[in-house]
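Note: the block below is my_file34.cif and it holds mmCIF, C-alpha atoms and all ligand atoms.
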data_work
#
loop_
_atom_site.label_atom_id
_atom_site.label_comp_id
_atom_site.auth_asym_id
_atom_site.auth_seq_id
_atom_site.Cartn_x
_atom_site.Cartn_y
_atom_site.Cartn_z
CA MET A 1 38.91 6.63 -2.86
CA PRO A 2 38.92 3.19 -4.57
CA GLN A 3 37.49 3.16 -8.10
CA LYS A 4 34.20 1.21 -8.38
CA VAL A 5 34.56 -1.49 -11.04
CA ILE A 6 32.42 -4.18 -12.63
CA LEU A 7 34.50 -6.79 -14.44
CA ASP A 8 32.87 -8.85 -17.22
CA VAL A 9 34.88 -11.98 -17.94
CA ASP A 10 35.12 -15.22 -19.96
CA PRO A 11 37.89 -17.13 -18.08
CA GLY A 12 40.24 -17.87 -19.76
CA ARG A 13 43.74 -17.76 -18.27
CA ASP A 14 44.32 -14.03 -18.79
CA ASP A 15 40.87 -13.22 -17.40
CA ALA A 16 41.98 -15.03 -14.25
CA VAL A 17 44.90 -12.62 -13.79
CA ALA A 18 42.62 -9.61 -14.34
CA LEU A 19 40.17 -11.02 -11.76
CA MET A 20 42.89 -11.41 -9.13
CA ILE A 21 44.26 -7.91 -9.68
CA ALA A 22 40.75 -6.44 -9.38
CA ALA A 23 39.89 -8.46 -6.28
CA LEU A 24 43.15 -7.78 -4.46
CA HIS A 25 44.13 -4.18 -5.25
CA PRO A 26 43.05 -1.66 -2.59
CA ASP A 27 42.48 1.03 -5.23
CA ILE A 28 39.73 -1.08 -6.83
CA ASP A 29 36.29 -1.57 -5.32
CA LEU A 30 35.17 -4.66 -7.24
CA LEU A 31 31.38 -4.48 -6.95
CA GLY A 32 30.85 -7.77 -8.72
CA VAL A 33 31.88 -9.95 -11.63
CA THR A 34 29.60 -10.80 -14.55
CA VAL A 35 30.42 -13.87 -16.60
CA THR A 36 29.85 -14.39 -20.31
CA HIS A 37 30.38 -17.13 -22.89
CA GLY A 38 33.62 -16.67 -24.78
CA ASN A 39 36.82 -18.69 -24.43
CA ARG A 40 34.62 -21.56 -23.28
CA PRO A 41 30.88 -22.22 -22.99
CA LEU A 42 29.25 -20.30 -20.13
CA ALA A 43 29.12 -23.25 -17.70
CA GLN A 44 32.92 -23.51 -17.92
CA THR A 45 33.70 -19.78 -17.85
CA LEU A 46 31.46 -19.53 -14.76
CA GLU A 47 33.19 -22.42 -12.96
CA ASN A 48 36.58 -20.98 -13.89
CA CYS A 49 35.62 -17.57 -12.50
CA LEU A 50 34.45 -19.09 -9.22
CA ARG A 51 37.64 -21.18 -8.99
CA VAL A 52 39.82 -18.07 -9.29
CA LEU A 53 37.99 -16.09 -6.61
CA ASP A 54 37.86 -19.12 -4.30
CA TRP A 55 41.59 -19.67 -4.84
CA ILE A 56 42.42 -16.22 -3.48
CA ASN A 57 39.57 -16.41 -0.96
CA ALA A 58 37.93 -13.26 -2.37
CA PRO A 59 34.23 -12.91 -1.43
CA VAL A 60 33.18 -11.14 -4.64
CA PRO A 61 29.64 -11.75 -5.98
CA VAL A 62 29.58 -13.54 -9.34
CA TYR A 63 26.67 -13.34 -11.80
CA ALA A 64 26.12 -15.70 -14.73
CA GLY A 65 25.21 -13.97 -17.98
CA ALA A 66 24.82 -14.72 -21.67
CA SER A 67 25.45 -18.25 -22.90
CA GLN A 68 25.97 -17.28 -26.55
CA PRO A 69 26.41 -14.22 -28.77
CA LEU A 70 23.42 -12.18 -29.98
CA LEU A 71 23.48 -13.50 -33.56
CA ALA A 72 26.88 -14.95 -34.49
CA PHE A 73 26.09 -18.59 -33.62
CA ILE A 74 22.87 -18.71 -35.65
CA ASP A 75 24.69 -19.54 -38.88
CA PRO A 76 27.23 -22.35 -38.33
CA ALA A 77 29.06 -21.10 -41.42
CA ARG A 78 29.63 -17.78 -39.62
CA ARG A 79 30.74 -19.14 -36.21
CA ASN A 80 31.21 -22.82 -35.39
CA PRO A 81 31.51 -23.02 -31.57
CA THR A 82 33.11 -26.48 -31.52
CA ALA A 83 35.87 -25.41 -33.90
CA ILE A 84 36.36 -22.14 -32.00
CA TYR A 85 36.82 -23.83 -28.61
CA GLN A 86 39.31 -26.29 -30.10
CA LEU A 87 41.29 -23.38 -31.57
CA VAL A 88 41.31 -21.26 -28.39
CA GLU A 89 41.99 -24.15 -26.00
CA ARG A 90 45.73 -24.15 -26.85
CA ILE A 91 46.12 -20.67 -25.35
CA GLU A 92 43.30 -20.31 -22.85
CA GLY A 93 42.95 -23.90 -21.67
CA VAL A 94 39.62 -25.53 -20.77
CA MET A 95 39.18 -25.75 -16.99
CA LEU A 96 41.70 -23.59 -15.11
CA ASP A 97 44.27 -25.65 -13.24
CA LEU A 98 42.84 -24.65 -9.83
CA PRO A 99 40.76 -26.58 -7.29
CA ALA A 100 37.09 -27.02 -8.17
CA ALA A 101 34.98 -24.10 -6.99
CA THR A 102 33.14 -24.36 -3.67
CA SER A 103 31.28 -21.04 -3.95
CA GLN A 104 28.11 -20.48 -5.95
CA PRO A 105 27.06 -17.70 -8.33
CA GLN A 106 24.33 -15.28 -7.31
CA ALA A 107 20.80 -16.22 -8.31
CA GLN A 108 20.23 -12.95 -10.19
CA HIS A 109 21.11 -12.87 -13.90
CA ALA A 110 24.15 -10.76 -14.82
CA VAL A 111 22.17 -8.46 -17.10
CA ALA A 112 19.55 -7.75 -14.44
CA TRP A 113 22.26 -7.04 -11.86
CA LEU A 114 24.17 -4.77 -14.24
CA ILE A 115 21.03 -2.70 -14.88
CA GLU A 116 20.02 -2.56 -11.19
CA THR A 117 23.54 -1.63 -10.05
CA LEU A 118 24.19 1.01 -12.71
CA LEU A 119 20.78 2.69 -12.30
CA ALA A 120 21.29 2.89 -8.53
CA SER A 121 24.81 4.29 -8.88
CA ASP A 122 26.10 7.85 -8.86
CA GLY A 123 27.54 7.36 -12.36
CA ASP A 124 30.92 6.47 -10.85
CA ILE A 125 31.31 2.86 -12.06
CA VAL A 126 33.91 1.77 -14.62
CA LEU A 127 32.90 -1.26 -16.69
CA VAL A 128 35.78 -3.55 -17.73
CA PRO A 129 34.61 -6.10 -20.31
CA VAL A 130 37.41 -8.53 -21.18
CA GLY A 131 35.37 -11.04 -23.19
CA PRO A 132 32.61 -10.80 -25.78
CA MET A 133 30.40 -7.81 -24.92
CA THR A 134 27.10 -9.70 -25.00
CA ASN A 135 26.10 -8.95 -21.38
CA ILE A 136 26.80 -5.23 -21.72
CA ALA A 137 24.91 -5.00 -25.01
CA LEU A 138 21.88 -6.84 -23.60
CA ALA A 139 21.83 -4.50 -20.59
CA ILE A 140 21.96 -1.42 -22.83
CA ARG A 141 19.16 -2.69 -25.07
CA GLN A 142 17.00 -3.68 -22.09
CA GLU A 143 17.58 -0.42 -20.18
CA PRO A 144 19.12 2.41 -22.26
CA ARG A 145 19.14 4.69 -19.20
CA ILE A 146 22.22 2.88 -17.91
CA VAL A 147 24.37 4.48 -20.64
CA GLU A 148 24.53 7.85 -18.88
CA LYS A 149 25.37 6.03 -15.64
CA ILE A 150 28.54 4.41 -16.98
CA ARG A 151 31.59 6.48 -16.05
CA GLU A 152 33.84 4.70 -18.58
CA VAL A 153 34.17 1.42 -20.41
CA ILE A 154 37.75 0.15 -20.56
CA PHE A 155 37.64 -2.97 -22.70
CA MET A 156 40.15 -5.54 -23.83
CA GLY A 157 39.35 -6.17 -27.44
CA GLY A 158 39.86 -5.23 -31.03
CA ALA A 159 42.95 -4.66 -33.10
CA VAL A 160 44.25 -1.92 -35.34
CA PHE A 161 47.22 -3.62 -37.05
CA SER A 162 46.42 -7.35 -37.00
CA GLY A 163 43.88 -9.73 -35.53
CA ASN A 164 44.37 -13.02 -33.71
CA ILE A 165 41.30 -15.17 -34.45
CA THR A 166 41.34 -13.94 -38.06
CA PRO A 167 43.90 -11.77 -39.89
CA GLU A 168 41.75 -8.71 -39.10
CA ALA A 169 39.61 -9.53 -36.05
CA GLU A 170 40.38 -9.95 -32.36
CA PHE A 171 38.60 -12.79 -30.53
CA ASN A 172 36.38 -10.86 -28.05
CA ILE A 173 34.92 -8.59 -30.71
CA TRP A 174 34.76 -11.36 -33.33
CA MET A 175 32.77 -13.63 -31.00
CA ASP A 176 29.94 -11.08 -30.85
CA PRO A 177 30.34 -8.26 -33.38
CA GLU A 178 26.75 -7.09 -33.01
CA ALA A 179 27.15 -6.73 -29.25
CA ALA A 180 30.32 -4.71 -29.74
CA ARG A 181 28.55 -2.45 -32.24
CA ILE A 182 25.74 -1.80 -29.75
CA VAL A 183 28.17 -0.91 -26.96
CA LEU A 184 30.49 1.22 -29.10
CA ASN A 185 27.60 3.17 -30.64
CA ALA A 186 25.60 3.63 -27.43
CA GLY A 187 27.02 7.06 -26.64
CA ILE A 188 28.91 6.05 -23.48
CA ARG A 189 30.72 9.14 -22.25
CA LYS A 190 34.20 7.58 -22.46
CA VAL A 191 35.41 4.33 -24.02
CA THR A 192 39.01 3.14 -23.87
CA MET A 193 39.98 0.29 -26.19
CA VAL A 194 42.90 -1.92 -25.13
CA PRO A 195 43.55 -3.81 -28.38
CA LEU A 196 46.04 -6.49 -29.35
CA ASP A 197 48.41 -3.71 -30.47
CA ALA A 198 48.76 -2.71 -26.81
CA THR A 199 48.55 -6.14 -25.19
CA PHE A 200 51.25 -7.60 -27.44
CA ALA A 201 53.46 -4.61 -26.61
CA GLY A 202 52.88 -5.36 -22.93
CA TYR A 203 53.98 -8.99 -23.11
CA VAL A 204 55.44 -10.84 -20.13
CA THR A 205 58.36 -13.26 -20.25
CA ARG A 206 59.07 -16.64 -18.73
CA ALA A 207 61.33 -14.88 -16.19
CA ASP A 208 58.47 -12.50 -15.28
CA CYS A 209 56.23 -15.53 -14.65
CA GLU A 210 58.86 -17.16 -12.47
CA ALA A 211 59.11 -13.93 -10.46
CA LEU A 212 55.34 -13.96 -9.94
CA ILE A 213 55.48 -17.56 -8.71
CA ALA A 214 58.35 -16.61 -6.40
CA LEU A 215 56.03 -14.12 -4.67
CA GLY A 216 54.65 -17.18 -2.93
CA THR A 217 51.13 -15.78 -2.70
CA PRO A 218 48.12 -17.69 -4.09
CA ALA A 219 47.62 -14.95 -6.69
CA GLY A 220 51.28 -14.76 -7.70
CA ILE A 221 51.62 -18.53 -8.01
CA ALA A 222 48.42 -18.87 -10.04
CA ALA A 223 49.15 -15.91 -12.31
CA GLY A 224 52.67 -17.13 -13.00
CA GLN A 225 51.59 -20.69 -13.75
CA LEU A 226 48.59 -19.69 -15.86
CA THR A 227 50.75 -17.35 -17.93
CA LEU A 228 53.45 -19.99 -18.40
CA HIS A 229 50.67 -22.09 -19.99
CA ARG A 230 49.87 -19.11 -22.23
CA ILE A 231 53.57 -18.96 -23.20
CA GLU A 232 53.37 -22.65 -24.18
CA GLY A 233 50.39 -21.68 -26.35
CA ALA A 234 52.81 -19.55 -28.42
CA GLU A 235 50.24 -16.86 -29.23
CA MET A 236 52.92 -14.31 -30.09
CA GLY A 237 55.07 -16.46 -32.30
CA VAL A 238 58.15 -15.49 -30.23
CA PRO A 239 59.67 -17.86 -27.64
CA ASP A 240 59.24 -17.43 -23.90
CA ALA A 241 56.75 -14.55 -23.99
CA ALA A 242 53.00 -14.04 -23.95
CA PRO A 243 50.51 -11.23 -23.56
CA ILE A 244 48.16 -11.20 -20.57
CA HIS A 245 45.56 -9.28 -22.54
CA ASP A 246 42.86 -8.82 -19.89
CA ALA A 247 45.27 -7.98 -17.09
CA LEU A 248 46.55 -4.99 -19.07
CA ALA A 249 43.02 -3.63 -19.42
CA MET A 250 42.52 -4.06 -15.66
CA CYS A 251 45.84 -2.31 -14.94
CA ALA A 252 44.73 0.59 -17.15
CA VAL A 253 42.00 1.27 -14.58
CA LEU A 254 44.68 1.57 -11.88
CA ASP A 255 47.18 3.59 -13.92
CA PRO A 256 46.30 4.88 -17.42
CA ALA A 257 50.02 5.50 -18.01
CA VAL A 258 50.46 1.74 -18.50
CA LEU A 259 48.93 2.37 -21.94
CA GLN A 260 51.00 4.24 -24.52
CA ASP A 261 50.27 6.04 -27.79
CA VAL A 262 46.63 6.56 -26.83
CA ARG A 263 44.70 8.32 -29.59
CA PRO A 264 41.15 9.72 -29.85
CA CYS A 265 39.02 8.03 -32.45
CA VAL A 266 35.56 7.11 -33.56
CA LEU A 267 35.11 3.38 -33.07
CA ASP A 268 32.87 0.89 -34.83
CA VAL A 269 32.89 -2.79 -35.79
CA ASN A 270 32.37 -4.69 -39.01
CA ALA A 271 29.52 -7.20 -38.57
CA ASP A 272 28.88 -8.05 -42.22
CA GLY A 273 29.68 -11.75 -41.87
CA GLY A 274 32.35 -11.54 -44.53
CA ALA A 275 36.14 -11.81 -44.48
CA SER A 276 36.43 -8.74 -42.22
CA ASP A 277 33.65 -9.82 -39.86
CA GLY A 278 34.43 -8.71 -36.30
CA ARG A 279 37.11 -6.22 -37.32
CA THR A 280 37.24 -3.06 -35.18
CA ILE A 281 37.30 0.13 -37.21
CA ALA A 282 39.14 2.91 -35.38
CA ASP A 283 38.78 6.15 -37.35
CA LEU A 284 41.88 8.04 -36.27
CA ARG A 285 41.44 10.79 -38.88
CA PRO A 286 40.72 14.05 -37.05
CA GLY A 287 38.58 16.47 -38.98
CA VAL A 288 36.55 13.79 -40.74
CA TRP A 289 34.59 12.76 -37.71
CA GLY A 290 31.87 15.23 -38.58
CA GLU A 291 29.26 15.70 -35.89
CA ARG A 292 30.40 12.55 -34.04
CA GLN A 293 32.88 13.80 -31.46
CA PRO A 294 35.39 11.06 -30.59
CA THR A 295 34.43 9.59 -27.22
CA ALA A 296 36.71 6.62 -27.78
CA TYR A 297 40.42 6.29 -27.21
CA VAL A 298 42.57 3.49 -28.59
CA ALA A 299 45.91 2.48 -27.08
CA LEU A 300 48.46 1.44 -29.69
CA GLY A 301 51.19 0.57 -27.20
CA ALA A 302 51.94 -0.29 -23.58
CA ASP A 303 54.65 0.39 -21.01
CA ARG A 304 55.82 -3.20 -20.51
CA GLN A 305 58.06 -2.51 -17.53
CA ARG A 306 55.34 -0.55 -15.74
CA PHE A 307 52.84 -3.35 -16.45
CA VAL A 308 55.16 -6.07 -15.09
CA ALA A 309 55.81 -3.97 -11.97
CA MET A 310 52.06 -3.49 -11.46
CA LEU A 311 51.51 -7.25 -11.74
CA GLY A 312 54.11 -7.91 -9.06
CA GLU A 313 52.68 -5.26 -6.75
CA ALA A 314 49.06 -6.41 -7.09
CA LEU A 315 49.64 -10.17 -7.01
CA ALA A 316 51.89 -10.02 -3.94
CA ARG A 317 48.74 -9.24 -1.96
CA ARG A 318 46.41 -11.56 -0.13
CA VAL A 319 42.77 -11.00 0.78
O1 LIG B 1 41.94 -11.80 -27.90
C1 LIG B 1 42.24 -11.88 -26.52
C2 LIG B 1 40.99 -12.03 -25.72
O2 LIG B 1 40.31 -13.22 -26.11
C3 LIG B 1 41.23 -12.17 -24.21
O3 LIG B 1 40.19 -11.56 -23.50
C4 LIG B 1 41.20 -13.66 -23.99
O4 LIG B 1 40.75 -14.01 -22.68
C5 LIG B 1 40.18 -14.09 -25.00
O5 LIG B 1 38.89 -13.88 -24.42
CA CA B 2 38.92 -12.79 -21.87
#
So that I can check it, write out the structure of this file as structure tokens.
Ligand code: RIB
Ligand code: CA
Amino acid sequence: MPQKVILDVDPGRDDAVALMIAALHPDIDLLGVTVTHGNRPLAQTLENCLRVLDWINAPVPVYAGASQPLLAFIDPARRNPTAIYQLVERIEGVMLDLPAATSQPQAQHAVAWLIETLLASDGDIVLVPVGPMTNIALAIRQEPRIVEKIREVIFMGGAVFSGNITPEAEFNIWMDPEAARIVLNAGIRKVTMVPLDATFAGYVTRADCEALIALGTPAGIAAGQLTLHRIEGAEMGVPDAAPIHDALAMCAVLDPAVLQDVRPCVLDVNADGGASDGRTIADLRPGVWGERQPTAYVALGADRQRFVAMLGEALARRV
């Protein structure tokens, strides 16, 4: 039975790979895609999302969501969007190098659709946020009853050892720390965090990208080319390799064994606006959790070979 999934994205080159895996793999029933601000302003993340699904001819409904974080943009000294987009552009690009979209988003707002879909469900939907968690947080605040309807949240975000947008914080969480706090403290029955520690361990190489392009499918060609651009962005500081952060989170839905060194923890986020703003706090110390049973799991590693094999298997498919 395919797993029902809602993917929340901010494309973003690695989001594009996660979208194609979700849309193409027979073990995933992609109910819809919600789009958030993040790597780019919402208008651009929305167009990029539509371009990806049009490129692989996948008729998946797309819903536009939040155009900015809950609070972080209020004080320009805390987050300066112009500076952020200039910084991220090197790795994530601006408009994805795909033909302009011909499809349109749904008229319904992403938050309204999330609430309607989750309330009507049998509690069997996995949410996969791979951008700032603003849409998910807004849905929880508007309709708390959805929390018990979420089977699991598997999110790309956070970092235990080192950040990327700051020494301590990872971009998705840093872009909306308050939203992440709401989601991680909502009492969702299971939360799996796929942080930079795991996504950097699951890096792909230039040769892996060339093998994806050699598949000759629209998804393989796009994923290989988009990731070669990420390699040029030199996010890892090592030559000829790059993480595909969001794709690893999506693959974890298909096969949890792609994540390694997964540990139970109590998760929270620093949102104090200071030097550690946006840092994820994973309390891995058993016995000090008190009454808060750990419903979160953090992956500190990844099975790189298994991940690369999963990419090849999923992206060789056509709609
Ligand atoms: O830090 C990596 C995350 O930030 C990925 O989701 C990437 O798409 C960007 O949103
Ligand atoms: Ca993303």
Using all atoms listed in the file, what are the residues with an atom within 7 Å of ligand LIG 1 (chain B), set out as a PDB file with C-alpha atoms, in the frame of the given file?
ATOM      1  CA  ASP A  10      35.120 -15.220 -19.960  1.00  0.00           C
ATOM      2  CA  PRO A  11      37.890 -17.130 -18.080  1.00  0.00           C
ATOM      3  CA  GLY A  12      40.240 -17.870 -19.760  1.00  0.00           C
ATOM      4  CA  ARG A  13      43.740 -17.760 -18.270  1.00  0.00           C
ATOM      5  CA  ASP A  14      44.320 -14.030 -18.790  1.00  0.00           C
ATOM      6  CA  ASP A  15      40.870 -13.220 -17.400  1.00  0.00           C
ATOM      7  CA  GLY A  38      33.620 -16.670 -24.780  1.00  0.00           C
ATOM      8  CA  ASN A  39      36.820 -18.690 -24.430  1.00  0.00           C
ATOM      9  CA  GLU A  92      43.300 -20.310 -22.850  1.00  0.00           C
ATOM     10  CA  VAL A 130      37.410  -8.530 -21.180  1.00  0.00           C
ATOM     11  CA  GLY A 131      35.370 -11.040 -23.190  1.00  0.00           C
ATOM     12  CA  MET A 156      40.150  -5.540 -23.830  1.00  0.00           C
ATOM     13  CA  GLY A 157      39.350  -6.170 -27.440  1.00  0.00           C
ATOM     14  CA  ASN A 164      44.370 -13.020 -33.710  1.00  0.00           C
ATOM     15  CA  GLU A 170      40.380  -9.950 -32.360  1.00  0.00           C
ATOM     16  CA  PHE A 171      38.600 -12.790 -30.530  1.00  0.00           C
ATOM     17  CA  ASN A 172      36.380 -10.860 -28.050  1.00  0.00           C
ATOM     18  CA  LEU A 196      46.040  -6.490 -29.350  1.00  0.00           C
ATOM     19  CA  HIS A 245      45.560  -9.280 -22.540  1.00  0.00           C
ATOM     20  CA  ASP A 246      42.860  -8.820 -19.890  1.00  0.00           C
TER      21      ASP A 246
END
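For the set A:Val298, A:Ile173, A:Val17, A:Val5, the residue with the smallest atom-to-atom gap to Thr227 (chain A) is A:Val17, counting only C-alpha atoms.
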| said: Measuring between all atoms listed in the file, which one of A:Leu46, A:Ile84, A:Ile91, A:Cys265 shows the shortest distance to Pro105 (chain A)? | reply: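 The closest residue to Pro105 (chain A) is A:Leu46.
Using all atoms listed in the file, the nearest neighbour of ligand CA 2 (chain B) within the list A:Arg145, A:Arg317, A:Arg292, A:His37 is A:His37.
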| Atom-to-atom span, CA of Val319 (chain A) and CA of Gln106 (chain A), Å |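 Distance between the two atoms: 20.6 Å.
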| request: Mind listing whatever residues come within 8 Å of the point (35.8, -8.7, -32.0)? Use all atoms listed in the file, file coordinates, and give them as a PyMOL selection string. | output: chain A and resi 132+157-158+169-177+180+269+278-280
| query | What is the CA of Asp27 (chain A)-CA of Leu215 (chain A) distance in Å, reported with one decimal? | reply |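 Interatomic distance here is 20.3 Å.
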| message | I want to know what sits within 10 Å of Ile221 (chain A), based on only C-alpha atoms, with residues of the same chain fewer than 6 positions away left out; could you give that as a PyMOL selection string? | response | chain A and resi 209-215+315-316
| field | Point-to-point distance in Å for CA of Asp255 (chain A) and CA of Pro294 (chain A) | value |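 It comes out at 21.7 Å.
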| Long-range neighbours of Ala18 (chain A) as a PyMOL selection string, 12 Å cut-off, all atoms listed in the file, 2 positions minimum in chain | chain A and resi 5-16+20-25+28+30+33+49+52-53+128-131+155-156+219+222-223+226-227+244-254+310-311+314-315
| With all atoms listed in the file as the atoms that count, which of A:Arg206, A:Pro167, A:Val147, A:Thr36 lies nearest to ligand CA 2 (chain B)? | A:Thr36
| Which is closest to ligand CA 2 (chain B) among A:Gly202, A:Pro26, A:Val35, A:Gly123, if we use all atoms listed in the file? |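 Of all the options, A:Val35 lies closest to ligand CA 2 (chain B).
Here the question is which of A:Asp97, A:Glu235, A:Glu178, A:Asp240 gets nearest to Thr205 (chain A) using only C-alpha atoms, and that residue is A:Asp240.
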| 12 Å contact set for Gly187 (chain A), all atoms listed in the file, chain neighbours under 5 positions out, as a PyMOL selection string | chain A and resi 140+144-153+181-182+266-268+292-296
| field | Point (43.4, -27.5, -5.7), cut-off 7 Å, counting all atoms listed in the file, residues as a count of residues only | value | 3
| Near-Gly273 (chain A) list (10 Å; all atoms listed in the file; drop same-chain fewer than 2 positions) as a list in words |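 Near neighbours after the sequence-gap exclusion: Ala72, Asp75, Ala77, Arg78, Arg79, Trp174, Pro177, Asn270, Ala271, Ala275, Ser276, Asp277 and Gly278 of chain A.
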Requested write-out: C-alpha atoms of the selected residues, as a PDB file, keeping the file's coordinate frame:
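Saved to result24.pdb:
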ATOM      1  CA  ALA A  72      26.880 -14.950 -34.490  1.00  0.00           C
ATOM      2  CA  ASP A  75      24.690 -19.540 -38.880  1.00  0.00           C
ATOM      3  CA  ALA A  77      29.060 -21.100 -41.420  1.00  0.00           C
ATOM      4  CA  ARG A  78      29.630 -17.780 -39.620  1.00  0.00           C
ATOM      5  CA  ARG A  79      30.740 -19.140 -36.210  1.00  0.00           C
ATOM      6  CA  TRP A 174      34.760 -11.360 -33.330  1.00  0.00           C
ATOM      7  CA  PRO A 177      30.340  -8.260 -33.380  1.00  0.00           C
ATOM      8  CA  ASN A 270      32.370  -4.690 -39.010  1.00  0.00           C
ATOM      9  CA  ALA A 271      29.520  -7.200 -38.570  1.00  0.00           C
ATOM     10  CA  ALA A 275      36.140 -11.810 -44.480  1.00  0.00           C
ATOM     11  CA  SER A 276      36.430  -8.740 -42.220  1.00  0.00           C
ATOM     12  CA  ASP A 277      33.650  -9.820 -39.860  1.00  0.00           C
ATOM     13  CA  GLY A 278      34.430  -8.710 -36.300  1.00  0.00           C
TER      14      GLY A 278
END
